[in-house]
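Listing of work.pdb; format and content: PDB, C-alpha atoms.
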ATOM      1  CA  MET A1230     117.819  76.112 102.980
ATOM      2  CA  GLY A1231     114.393  74.902 102.075
ATOM      3  CA  ASN A1232     111.592  76.375 100.124
ATOM      4  CA  CYS A1233     109.632  78.469 102.574
ATOM      5  CA  LEU A1234     106.391  77.212 101.163
ATOM      6  CA  THR A1235     106.802  73.456 101.263
ATOM      7  CA  GLY A1236     104.206  71.884 103.419
ATOM      8  CA  HIS A1237     101.545  74.476 102.739
ATOM      9  CA  ALA A1238      98.395  73.800 100.828
ATOM     10  CA  ALA A1239      98.988  72.995  97.171
ATOM     11  CA  ASP A1240      98.063  75.735  94.753
ATOM     12  CA  ASP A1241      94.621  75.570  93.377
ATOM     13  CA  LEU A1242      92.473  78.138  91.744
ATOM     14  CA  SER A1243      89.684  77.694  94.297
ATOM     15  CA  LEU A1244      91.837  79.754  96.663
ATOM     16  CA  LEU A1245      91.141  82.724  94.444
ATOM     17  CA  HIS A1246      87.471  82.578  95.363
ATOM     18  CA  GLU A1247      87.889  82.148  99.094
ATOM     19  CA  GLU A1248      87.542  84.830 101.702
ATOM     20  CA  PRO A1249      91.017  86.111 102.577
ATOM     21  CA  ASP A1250      90.646  85.473 106.317
ATOM     22  CA  ARG A1251      89.643  81.876 105.782
ATOM     23  CA  VAL A1252      92.852  81.375 103.882
ATOM     24  CA  SER A1253      95.040  82.910 106.525
ATOM     25  CA  GLU A1254      93.137  80.926 109.166
ATOM     26  CA  ARG A1255      93.997  77.732 107.399
ATOM     27  CA  LEU A1256      97.627  78.665 106.722
ATOM     28  CA  GLY A1257      98.037  80.153 110.169
ATOM     29  CA  PRO A1258     101.267  81.721 111.370
ATOM     30  CA  PRO A1259     104.345  79.574 110.749
ATOM     31  CA  PRO A1260     104.637  76.956 113.492
ATOM     32  CA  PRO A1261     107.084  78.108 116.179
ATOM     33  CA  TYR A1262     108.687  74.668 116.613
ATOM     34  CA  GLN A1263     110.079  72.369 113.861
ATOM     35  CA  GLU A1264     113.338  70.560 114.109
ATOM     36  CA  ALA A1265     115.036  71.696 110.924
ATOM     37  CA  ALA A1266     114.020  75.313 111.343
ATOM     38  CA  PRO A1267     113.176  76.870 108.002
ATOM     39  CA  VAL A1268     114.842  80.183 107.275
ATOM     40  CA  TYR A1269     112.649  83.155 106.480
ATOM     41  CA  HIS A1270     113.627  86.248 104.564
ATOM     42  CA  LEU A1271     112.014  89.558 105.426
ATOM     43  CA  SER A1272     114.049  91.090 102.611
ATOM     44  CA  PRO A1273     116.799  89.669 100.416
ATOM     45  CA  ASN A1274     119.415  90.640 102.997
ATOM     46  CA  GLN A1275     117.751  89.479 106.172
ATOM     47  CA  ARG A1276     117.576  85.810 107.055
ATOM     48  CA  ARG A1277     116.147  84.505 110.304
ATOM     49  CA  THR A1278     114.758  81.306 111.666
ATOM     50  CA  VAL A1279     111.245  81.240 113.079
ATOM     51  CA  SER A1280     112.396  81.524 116.674
ATOM     52  CA  GLN A1281     114.142  84.811 115.850
ATOM     53  CA  LEU A1282     111.029  86.412 114.389
ATOM     54  CA  THR A1283     108.823  88.826 116.280
ATOM     55  CA  GLU A1284     105.110  88.164 116.296
ATOM     56  CA  GLU A1285     104.597  91.038 113.889
ATOM     57  CA  GLU A1286     107.111  89.558 111.456
ATOM     58  CA  GLN A1287     105.466  86.144 111.696
ATOM     59  CA  VAL A1288     102.143  87.715 110.772
ATOM     60  CA  LYS A1289     103.784  89.493 107.853
ATOM     61  CA  ILE A1290     105.236  86.229 106.584
ATOM     62  CA  ALA A1291     101.918  84.414 106.976
ATOM     63  CA  GLN A1292     100.217  87.181 105.008
ATOM     64  CA  ARG A1293     102.889  86.993 102.345
ATOM     65  CA  ILE A1294     102.381  83.228 102.031
ATOM     66  CA  GLY A1295      98.640  83.848 101.743
ATOM     67  CA  LEU A1296      99.153  86.435  98.990
ATOM     68  CA  ILE A1297     101.521  84.194  97.045
ATOM     69  CA  GLN A1298      98.946  81.409  97.155
ATOM     70  CA  HIS A1299      96.460  83.801  95.530
ATOM     71  CA  LEU A1300      98.577  84.123  92.401
ATOM     72  CA  PRO A1301      97.394  81.842  89.603
ATOM     73  CA  THR A1302      99.328  78.723  88.685
ATOM     74  CA  GLY A1303      99.249  76.337  85.761
ATOM     75  CA  GLU A1304     101.150  73.662  83.925
ATOM     76  CA  TYR A1305     103.456  74.349  81.003
ATOM     77  CA  ASP A1306     101.834  72.954  77.857
ATOM     78  CA  GLY A1307     104.313  74.244  75.303
ATOM     79  CA  THR A1308     101.932  76.759  73.741
ATOM     80  CA  LYS A1309     102.896  79.883  75.691
ATOM     81  CA  LYS A1310     105.319  82.517  74.510
ATOM     82  CA  ALA A1311     107.544  82.340  77.605
ATOM     83  CA  ARG A1312     109.945  79.430  77.136
ATOM     84  CA  GLU A1313     112.437  79.890  79.935
ATOM     85  CA  CYS A1314     112.284  80.537  83.673
ATOM     86  CA  VAL A1315     114.662  83.488  84.091
ATOM     87  CA  ILE A1316     115.334  82.570  87.723
ATOM     88  CA  CYS A1317     116.863  79.108  87.156
ATOM     89  CA  MET A1318     117.485  79.846  83.441
ATOM     90  CA  LEU A1319     116.154  76.456  82.437
ATOM     91  CA  ASP A1320     113.700  75.963  79.583
ATOM     92  CA  PHE A1321     110.178  75.088  80.673
ATOM     93  CA  GLN A1322     109.383  71.393  80.150
ATOM     94  CA  ILE A1323     105.875  70.145  79.404
ATOM     95  CA  GLY A1324     104.176  69.545  82.742
ATOM     96  CA  ASP A1325     106.310  71.989  84.796
ATOM     97  CA  ALA A1326     104.325  73.833  87.487
ATOM     98  CA  LEU A1327     104.259  77.537  86.608
ATOM     99  CA  ARG A1328     103.095  80.634  88.428
ATOM    100  CA  TYR A1329     101.800  83.709  86.613
ATOM    101  CA  LEU A1330     102.383  87.158  88.081
ATOM    102  CA  PRO A1331      99.932  90.031  87.453
ATOM    103  CA  CYS A1332     102.505  91.656  85.117
ATOM    104  CA  MET A1333     102.215  88.485  82.976
ATOM    105  CA  HIS A1334     105.737  87.241  83.688
ATOM    106  CA  THR A1335     105.874  83.481  84.217
ATOM    107  CA  TYR A1336     108.210  81.395  86.376
ATOM    108  CA  HIS A1337     108.518  77.932  87.895
ATOM    109  CA  VAL A1338     106.408  77.846  91.069
ATOM    110  CA  LYS A1339     109.353  76.746  93.212
ATOM    111  CA  CYS A1340     111.650  79.443  91.800
ATOM    112  CA  ILE A1341     109.298  82.411  92.033
ATOM    113  CA  ASP A1342     107.840  81.461  95.434
ATOM    114  CA  ASP A1343     111.331  81.423  96.923
ATOM    115  CA  TRP A1344     111.984  84.882  95.457
ATOM    116  CA  LEU A1345     108.614  86.352  96.488
ATOM    117  CA  MET A1346     109.309  85.406 100.112
ATOM    118  CA  ARG A1347     112.305  87.750  99.941
ATOM    119  CA  SER A1348     110.943  90.525  97.775
ATOM    120  CA  PHE A1349     107.352  90.934  96.641
ATOM    121  CA  THR A1350     108.296  92.270  93.225
ATOM    122  CA  CYS A1351     108.569  90.703  89.790
ATOM    123  CA  PRO A1352     112.256  89.859  89.227
ATOM    124  CA  SER A1353     111.939  90.769  85.536
ATOM    125  CA  CYS A1354     110.085  94.088  85.529
ATOM    126  CA  MET A1355     110.368  95.050  89.233
ATOM    127  CA  GLU A1356     106.647  95.709  89.407
ATOM    128  CA  PRO A1357     105.476  95.339  93.018
ATOM    129  CA  VAL A1358     103.233  92.291  93.028
ATOM    130  CA  ASP A1359     100.885  93.529  95.761
ATOM    131  CA  ALA A1360     100.145  96.809  93.957
ATOM    132  CA  ALA A1361      99.389  94.876  90.783
ATOM    133  CA  LEU A1362      97.236  92.399  92.747
ATOM    134  CA  LEU A1363      95.209  95.227  94.267
ATOM    135  CA  SER A1364      94.677  96.908  90.919
ATOM    136  CA  THR A1365      93.426  93.642  89.364
ATOM    137  CA  TYR A1366      90.932  93.345  92.214
ATOM    138  CA  GLU A1367      89.799  96.949  91.793
ATOM    139  CA  SER A1368      89.286  96.602  88.064
ATOM    140  CA  ARG A1369      86.893  93.694  88.573
TER     141      ARG A1369
ATOM    142  CA  MET B 727     119.667  75.701  96.052
ATOM    143  CA  ALA B 728     123.368  75.340  95.536
ATOM    144  CA  THR B 729     122.509  73.410  92.422
ATOM    145  CA  ILE B 730     120.509  76.330  90.965
ATOM    146  CA  ALA B 731     123.485  78.628  91.653
ATOM    147  CA  ALA B 732     126.011  76.392  89.916
ATOM    148  CA  SER B 733     123.823  75.489  86.955
ATOM    149  CA  ARG B 734     122.845  79.103  86.421
ATOM    150  CA  ILE B 735     126.438  80.303  86.499
ATOM    151  CA  LYS B 736     127.403  77.572  84.052
ATOM    152  CA  ARG B 737     124.745  78.815  81.670
ATOM    153  CA  GLU B 738     125.477  82.486  82.246
ATOM    154  CA  LEU B 739     129.180  81.979  81.569
ATOM    155  CA  LYS B 740     128.370  80.450  78.214
ATOM    156  CA  GLU B 741     126.129  83.424  77.412
ATOM    157  CA  VAL B 742     128.656  86.035  78.546
ATOM    158  CA  LYS B 743     131.360  84.450  76.404
ATOM    159  CA  ALA B 744     129.072  84.529  73.365
ATOM    160  CA  ASP B 745     127.688  88.042  73.932
ATOM    161  CA  ALA B 746     128.685  90.280  71.028
ATOM    162  CA  GLU B 747     128.333  93.520  73.015
ATOM    163  CA  LEU B 748     130.547  92.288  75.861
ATOM    164  CA  ILE B 749     133.152  90.890  73.458
ATOM    165  CA  LYS B 750     133.251  94.187  71.577
ATOM    166  CA  ASP B 751     133.753  95.992  74.916
ATOM    167  CA  ASP B 752     136.446  93.517  76.070
ATOM    168  CA  VAL B 753     134.388  92.638  79.139
ATOM    169  CA  SER B 754     135.087  89.071  80.241
ATOM    170  CA  VAL B 755     134.548  86.585  83.076
ATOM    171  CA  GLU B 756     136.490  83.465  84.015
ATOM    172  CA  LEU B 757     136.060  80.760  86.637
ATOM    173  CA  MET B 758     138.507  80.864  89.531
ATOM    174  CA  ASP B 759     138.127  77.150  90.264
ATOM    175  CA  ASN B 760     135.718  74.368  89.353
ATOM    176  CA  SER B 761     133.069  75.276  91.881
ATOM    177  CA  TYR B 762     131.218  77.824  89.751
ATOM    178  CA  LEU B 763     131.001  79.938  92.905
ATOM    179  CA  ALA B 764     134.088  82.104  92.462
ATOM    180  CA  LEU B 765     134.867  84.052  89.331
ATOM    181  CA  THR B 766     137.123  86.803  88.111
ATOM    182  CA  GLY B 767     135.943  89.545  85.805
ATOM    183  CA  GLU B 768     137.737  92.052  83.645
ATOM    184  CA  ILE B 769     136.382  95.391  82.453
ATOM    185  CA  PRO B 770     138.141  98.084  80.466
ATOM    186  CA  GLY B 771     137.950 101.676  81.708
ATOM    187  CA  PRO B 772     135.199 103.419  79.709
ATOM    188  CA  LYS B 773     136.055 106.000  77.039
ATOM    189  CA  ASP B 774     136.161 109.673  78.060
ATOM    190  CA  THR B 775     136.743 108.823  81.715
ATOM    191  CA  PRO B 776     139.995 109.010  83.702
ATOM    192  CA  TYR B 777     139.911 105.174  83.645
ATOM    193  CA  GLU B 778     140.213 104.935  79.839
ATOM    194  CA  GLY B 779     142.954 102.610  78.678
ATOM    195  CA  GLY B 780     143.107 100.763  82.009
ATOM    196  CA  THR B 781     142.020  97.171  82.609
ATOM    197  CA  PHE B 782     140.221  96.566  85.889
ATOM    198  CA  HIS B 783     139.946  93.173  87.529
ATOM    199  CA  LEU B 784     137.019  92.074  89.668
ATOM    200  CA  LYS B 785     136.468  89.251  92.120
ATOM    201  CA  ILE B 786     132.952  87.804  91.924
ATOM    202  CA  ILE B 787     131.763  85.495  94.692
ATOM    203  CA  ILE B 788     128.480  83.709  94.050
ATOM    204  CA  PRO B 789     126.484  82.966  97.228
ATOM    205  CA  GLU B 790     124.940  79.498  97.512
ATOM    206  CA  THR B 791     121.555  81.202  97.460
ATOM    207  CA  TYR B 792     122.205  82.820  94.058
ATOM    208  CA  PRO B 793     120.156  84.067  92.196
ATOM    209  CA  PHE B 794     117.975  84.889  95.200
ATOM    210  CA  ASN B 795     120.834  86.940  96.625
ATOM    211  CA  PRO B 796     123.256  89.097  94.632
ATOM    212  CA  PRO B 797     126.839  88.101  93.841
ATOM    213  CA  GLN B 798     129.511  89.795  95.975
ATOM    214  CA  VAL B 799     131.631  91.866  93.633
ATOM    215  CA  SER B 800     134.764  93.841  94.450
ATOM    216  CA  PHE B 801     137.679  95.368  92.552
ATOM    217  CA  THR B 802     141.039  93.625  92.884
ATOM    218  CA  THR B 803     142.693  96.379  90.830
ATOM    219  CA  LYS B 804     143.203  99.489  92.926
ATOM    220  CA  ILE B 805     140.970 102.315  91.696
ATOM    221  CA  TRP B 806     140.189 105.928  92.698
ATOM    222  CA  HIS B 807     136.404 106.291  92.469
ATOM    223  CA  PRO B 808     133.783 107.753  94.872
ATOM    224  CA  ASN B 809     131.730 104.529  94.942
ATOM    225  CA  ILE B 810     134.637 102.090  95.278
ATOM    226  CA  SER B 811     136.845 101.770  98.350
ATOM    227  CA  SER B 812     140.387 102.847  97.494
ATOM    228  CA  VAL B 813     141.562 100.457 100.217
ATOM    229  CA  THR B 814     139.474  97.276  99.878
ATOM    230  CA  GLY B 815     137.922  97.582  96.405
ATOM    231  CA  ALA B 816     134.392  97.177  97.853
ATOM    232  CA  ILE B 817     131.709  98.562  95.546
ATOM    233  CA  CYS B 818     128.653 100.587  96.534
ATOM    234  CA  LEU B 819     126.078  99.791  93.866
ATOM    235  CA  ASP B 820     122.343  99.445  94.522
ATOM    236  CA  ILE B 821     121.826  96.355  92.351
ATOM    237  CA  LEU B 822     124.485  94.525  94.354
ATOM    238  CA  LYS B 823     122.509  95.291  97.507
ATOM    239  CA  ASP B 824     118.788  95.993  97.954
ATOM    240  CA  GLN B 825     117.927  96.537  94.294
ATOM    241  CA  TRP B 826     119.048  93.066  93.247
ATOM    242  CA  ALA B 827     116.487  90.954  91.370
ATOM    243  CA  ALA B 828     116.664  87.256  90.569
ATOM    244  CA  ALA B 829     116.399  87.944  86.826
ATOM    245  CA  MET B 830     119.647  89.922  86.843
ATOM    246  CA  THR B 831     122.745  88.163  85.551
ATOM    247  CA  LEU B 832     126.520  88.380  85.447
ATOM    248  CA  ARG B 833     126.041  90.397  82.256
ATOM    249  CA  THR B 834     123.845  92.961  84.053
ATOM    250  CA  VAL B 835     126.352  93.165  86.904
ATOM    251  CA  LEU B 836     129.385  93.693  84.641
ATOM    252  CA  LEU B 837     127.641  96.326  82.548
ATOM    253  CA  SER B 838     126.381  98.127  85.670
ATOM    254  CA  VAL B 839     129.849  98.194  87.222
ATOM    255  CA  GLN B 840     131.254  99.531  83.967
ATOM    256  CA  ALA B 841     128.509 102.178  83.865
ATOM    257  CA  LEU B 842     129.366 103.159  87.434
ATOM    258  CA  LEU B 843     132.900 104.006  86.269
ATOM    259  CA  SER B 844     131.422 106.473  83.768
ATOM    260  CA  LEU B 845     128.887 107.914  86.171
ATOM    261  CA  PRO B 846     130.050 108.162  89.793
ATOM    262  CA  GLU B 847     127.410 108.889  92.422
ATOM    263  CA  PRO B 848     129.204 111.012  95.037
ATOM    264  CA  ASP B 849     126.064 111.322  97.165
ATOM    265  CA  ASP B 850     126.064 107.600  97.855
ATOM    266  CA  PRO B 851     129.787 107.117  98.495
ATOM    267  CA  GLN B 852     131.790 104.052  99.436
ATOM    268  CA  ASP B 853     135.006 106.033  99.846
ATOM    269  CA  ALA B 854     134.307 109.307 101.672
ATOM    270  CA  VAL B 855     137.707 110.850 100.851
ATOM    271  CA  VAL B 856     137.310 110.285  97.103
ATOM    272  CA  ALA B 857     133.691 111.448  97.172
ATOM    273  CA  GLN B 858     134.612 114.680  98.928
ATOM    274  CA  GLN B 859     137.382 115.352  96.439
ATOM    275  CA  TYR B 860     135.014 114.587  93.560
ATOM    276  CA  LYS B 861     132.547 117.158  94.873
ATOM    277  CA  GLU B 862     135.005 119.866  95.885
ATOM    278  CA  ASN B 863     137.852 119.544  93.423
ATOM    279  CA  GLN B 864     136.826 117.748  90.220
ATOM    280  CA  ASP B 865     140.153 118.492  88.600
ATOM    281  CA  ALA B 866     142.120 116.855  91.422
ATOM    282  CA  TYR B 867     139.735 113.869  91.283
ATOM    283  CA  ARG B 868     140.307 113.433  87.535
ATOM    284  CA  ARG B 869     144.067 113.710  87.795
ATOM    285  CA  THR B 870     144.196 111.329  90.747
ATOM    286  CA  ALA B 871     141.896 108.758  89.105
ATOM    287  CA  ARG B 872     144.015 108.976  85.945
ATOM    288  CA  HIS B 873     147.233 108.577  87.914
ATOM    289  CA  TRP B 874     145.842 105.480  89.677
ATOM    290  CA  ALA B 875     144.641 103.997  86.368
ATOM    291  CA  CYS B 876     148.201 104.381  85.031
ATOM    292  CA  ALA B 877     149.865 103.091  88.200
ATOM    293  CA  TYR B 878     147.597 100.078  88.783
ATOM    294  CA  ALA B 879     145.480  99.333  85.700
ATOM    295  CA  GLY B 880     148.009  99.722  82.899
ATOM    296  CA  ALA B 881     146.634 102.920  81.361
ATOM    297  CA  LYS B 882     149.122 105.006  79.377
ATOM    298  CA  SER B 883     150.036 108.716  79.358
ATOM    299  CA  SER B 884     150.314 109.412  83.044
ATOM    300  CA  SER B 885     151.057 112.910  84.279
ATOM    301  CA  ARG B 886     154.787 113.441  84.715
ATOM    302  CA  GLU B 887     154.136 115.993  87.453
ATOM    303  CA  LEU B 888     152.223 113.555  89.681
ATOM    304  CA  ASP B 889     154.732 110.758  89.074
ATOM    305  CA  GLU B 890     157.518 113.097  90.232
ATOM    306  CA  LYS B 891     155.632 113.940  93.412
ATOM    307  CA  VAL B 892     155.296 110.238  94.233
ATOM    308  CA  GLU B 893     159.016 109.808  93.534
ATOM    309  CA  ARG B 894     159.940 112.736  95.773
ATOM    310  CA  ILE B 895     158.147 111.116  98.694
ATOM    311  CA  THR B 896     159.465 107.591  98.027
ATOM    312  CA  GLU B 897     162.976 109.053  98.015
ATOM    313  CA  MET B 898     162.346 110.070 101.628
ATOM    314  CA  GLY B 899     161.992 106.362 102.389
ATOM    315  CA  PHE B 900     158.235 105.880 102.210
ATOM    316  CA  ASN B 901     156.668 103.036 100.302
ATOM    317  CA  GLU B 902     155.250 103.967  96.894
ATOM    318  CA  SER B 903     151.660 102.953  97.472
ATOM    319  CA  ASP B 904     151.528 104.757 100.849
ATOM    320  CA  ALA B 905     153.000 107.859  99.178
ATOM    321  CA  ARG B 906     150.368 107.685  96.438
ATOM    322  CA  ASP B 907     147.538 107.234  98.976
ATOM    323  CA  ALA B 908     148.722 110.224 101.014
ATOM    324  CA  LEU B 909     149.147 112.483  97.969
ATOM    325  CA  SER B 910     145.771 111.423  96.563
ATOM    326  CA  SER B 911     143.891 112.335  99.704
ATOM    327  CA  THR B 912     145.637 115.710 100.065
ATOM    328  CA  ASP B 913     144.993 116.952  96.500
ATOM    329  CA  TRP B 914     148.700 116.317  95.673
ATOM    330  CA  ASP B 915     150.116 118.748  98.215
ATOM    331  CA  VAL B 916     153.524 117.192  98.992
ATOM    332  CA  GLY B 917     153.871 119.010 102.330
ATOM    333  CA  ARG B 918     150.494 117.837 103.639
ATOM    334  CA  ALA B 919     151.060 114.329 102.266
ATOM    335  CA  VAL B 920     154.347 113.988 104.136
ATOM    336  CA  GLU B 921     152.725 115.334 107.291
ATOM    337  CA  LYS B 922     150.004 112.711 106.907
ATOM    338  CA  LEU B 923     152.572 109.946 106.464
ATOM    339  CA  MET B 924     154.489 111.069 109.564
ATOM    340  CA  SER B 925     151.436 111.225 111.814
TER     341      SER B 925
END

Could you rewrite the structure in this file as structure tokens?
Amino acid sequence: MGNCLTGHAADDLSLLHEEPDRVSERLGPPPPYQEAAPVYHLSPNQRRTVSQLTEEEQVKIAQRIGLIQHLPTGEYDGTKKARECVICMLDFQIGDALRYLPCMHTYHVKCIDDWLMRSFTCPSCMEPVDAALLSTYESR
Amino acid sequence: MATIAASRIKRELKEVKADAELIKDDVSVELMDNSYLALTGEIPGPKDTPYEGGTFHLKIIIPETYPFNPPQVSFTTKIWHPNISSVTGAICLDILKDQWAAAMTLRTVLLSVQALLSLPEPDDPQDAVVAQQYKENQDAYRRTARHWACAYAGAKSSSRELDEKVERITEMGFNESDARDALSSTDWDVGRAVEKLMS
């Protein structure tokens, strides 16, 4: 089981300012070949390899990856209130890569990205991430 | 991923054992082996329920993909409850299925299972026979659940009348647990229970 996102463009804030279709163009649908086939999760209970996905599902996953990449990231500097990633239950260490959800909950990038590929909700407050993303865009 | 599962369980176990609320409630968890992927849990039957006074044992299997997927929890103590199979002990609880979230813990799971004992949800049943009885004959449900808690979970003050009915059927040569199952699903009508056992 690998992280569904490894291999994709590293997180950077410039993605936030790009046109959405340019992002999905660059990320593209997941490649249909690959020797060690990564496993994708349409929901926490469904696991499939790429070859078992319909085209529609592949598009959905590509869009999901695109959306996840839009969420801001940062490095733990020891000044924030959140001190622990509730997914792996380990304390944040200075320099850890973090991702911030719109509801302000913070996790390790590798932990939260793996979860968001299964369910696009915050594991702490259950707020749907896409609804929150849309409302942040609207309020701008 | 397996390493997240094991290290999280290690940490959660420590927290559960130190949790004042769980200790006060006599809720506990133990490892089954050294893998951190199989545990046993113990919850007392909540007050003011037919399960009061009983101790219920759970089997908790942690998937390698934990906490991205929920633990598999089932009762190893036989129990009469609309959302728990009276045969296999399988539990129907949303947070153990599609409402699971990675921030939930063994503590959340144990407290939710305990809460389920206080508040059955007959419209989302795991055991159709129990759920139907719960909806149509609350009194029979209560007496049956109480009888099971006494027979299997060590609760005290069982009803003499129900015990005698089980005895009457075992005296005919049927096994006690089969007799209890048949009586439970026929609202304790000895005639219908025997008929069921003969068919």

Practice item. When you get a sec, could you note down which chain B residues fall within 12 Å of chain A, using all atoms listed in the file, as a count of residues only? Key: 32

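The spacing separating atom CA of B:Asp904 from atom CA of B:Leu845 amounts to 27.2 Å.
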
Review point. Which distance in Å separates atom CA of B:Ile817 and atom CA of B:Ser800, to one decimal?
Key: 5.7 Å

Practice item. Go through the shown structure with the PyMOL selection byres ((chain B and resi 802-806) around 8) and write out the matching residues as an MDAnalysis selection string. Key: chainID B and resid 782:785 800:801 807:808 810:813 815 856 870:871 874:875 878:879

Selection to disk with C-alpha atoms, as a compact mmCIF listing (two decimals), keeping the file's coordinate frame:
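To be explicit, this is the file written out as result.txt:
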# COMPACT_ATOMS: atom_id res chain seq x y z
CA PHE B 782 140.22 96.57 85.89
CA HIS B 783 139.95 93.17 87.53
CA LEU B 784 137.02 92.07 89.67
CA LYS B 785 136.47 89.25 92.12
CA SER B 800 134.76 93.84 94.45
CA PHE B 801 137.68 95.37 92.55
CA HIS B 807 136.40 106.29 92.47
CA PRO B 808 133.78 107.75 94.87
CA ILE B 810 134.64 102.09 95.28
CA SER B 811 136.84 101.77 98.35
CA SER B 812 140.39 102.85 97.49
CA VAL B 813 141.56 100.46 100.22
CA GLY B 815 137.92 97.58 96.40
CA VAL B 856 137.31 110.28 97.10
CA THR B 870 144.20 111.33 90.75
CA ALA B 871 141.90 108.76 89.10
CA TRP B 874 145.84 105.48 89.68
CA ALA B 875 144.64 104.00 86.37
CA TYR B 878 147.60 100.08 88.78
CA ALA B 879 145.48 99.33 85.70

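With all atoms listed in the file taken into account, the protein and nucleic acid residues at most 9 Å from B:Cys876 (excluding it and anything under 5 positions from it in its own chain) are Tyr777, Gly779, Gly780, Ala871, Ala881, Lys882, Ser883 and Ser884 of chain B.
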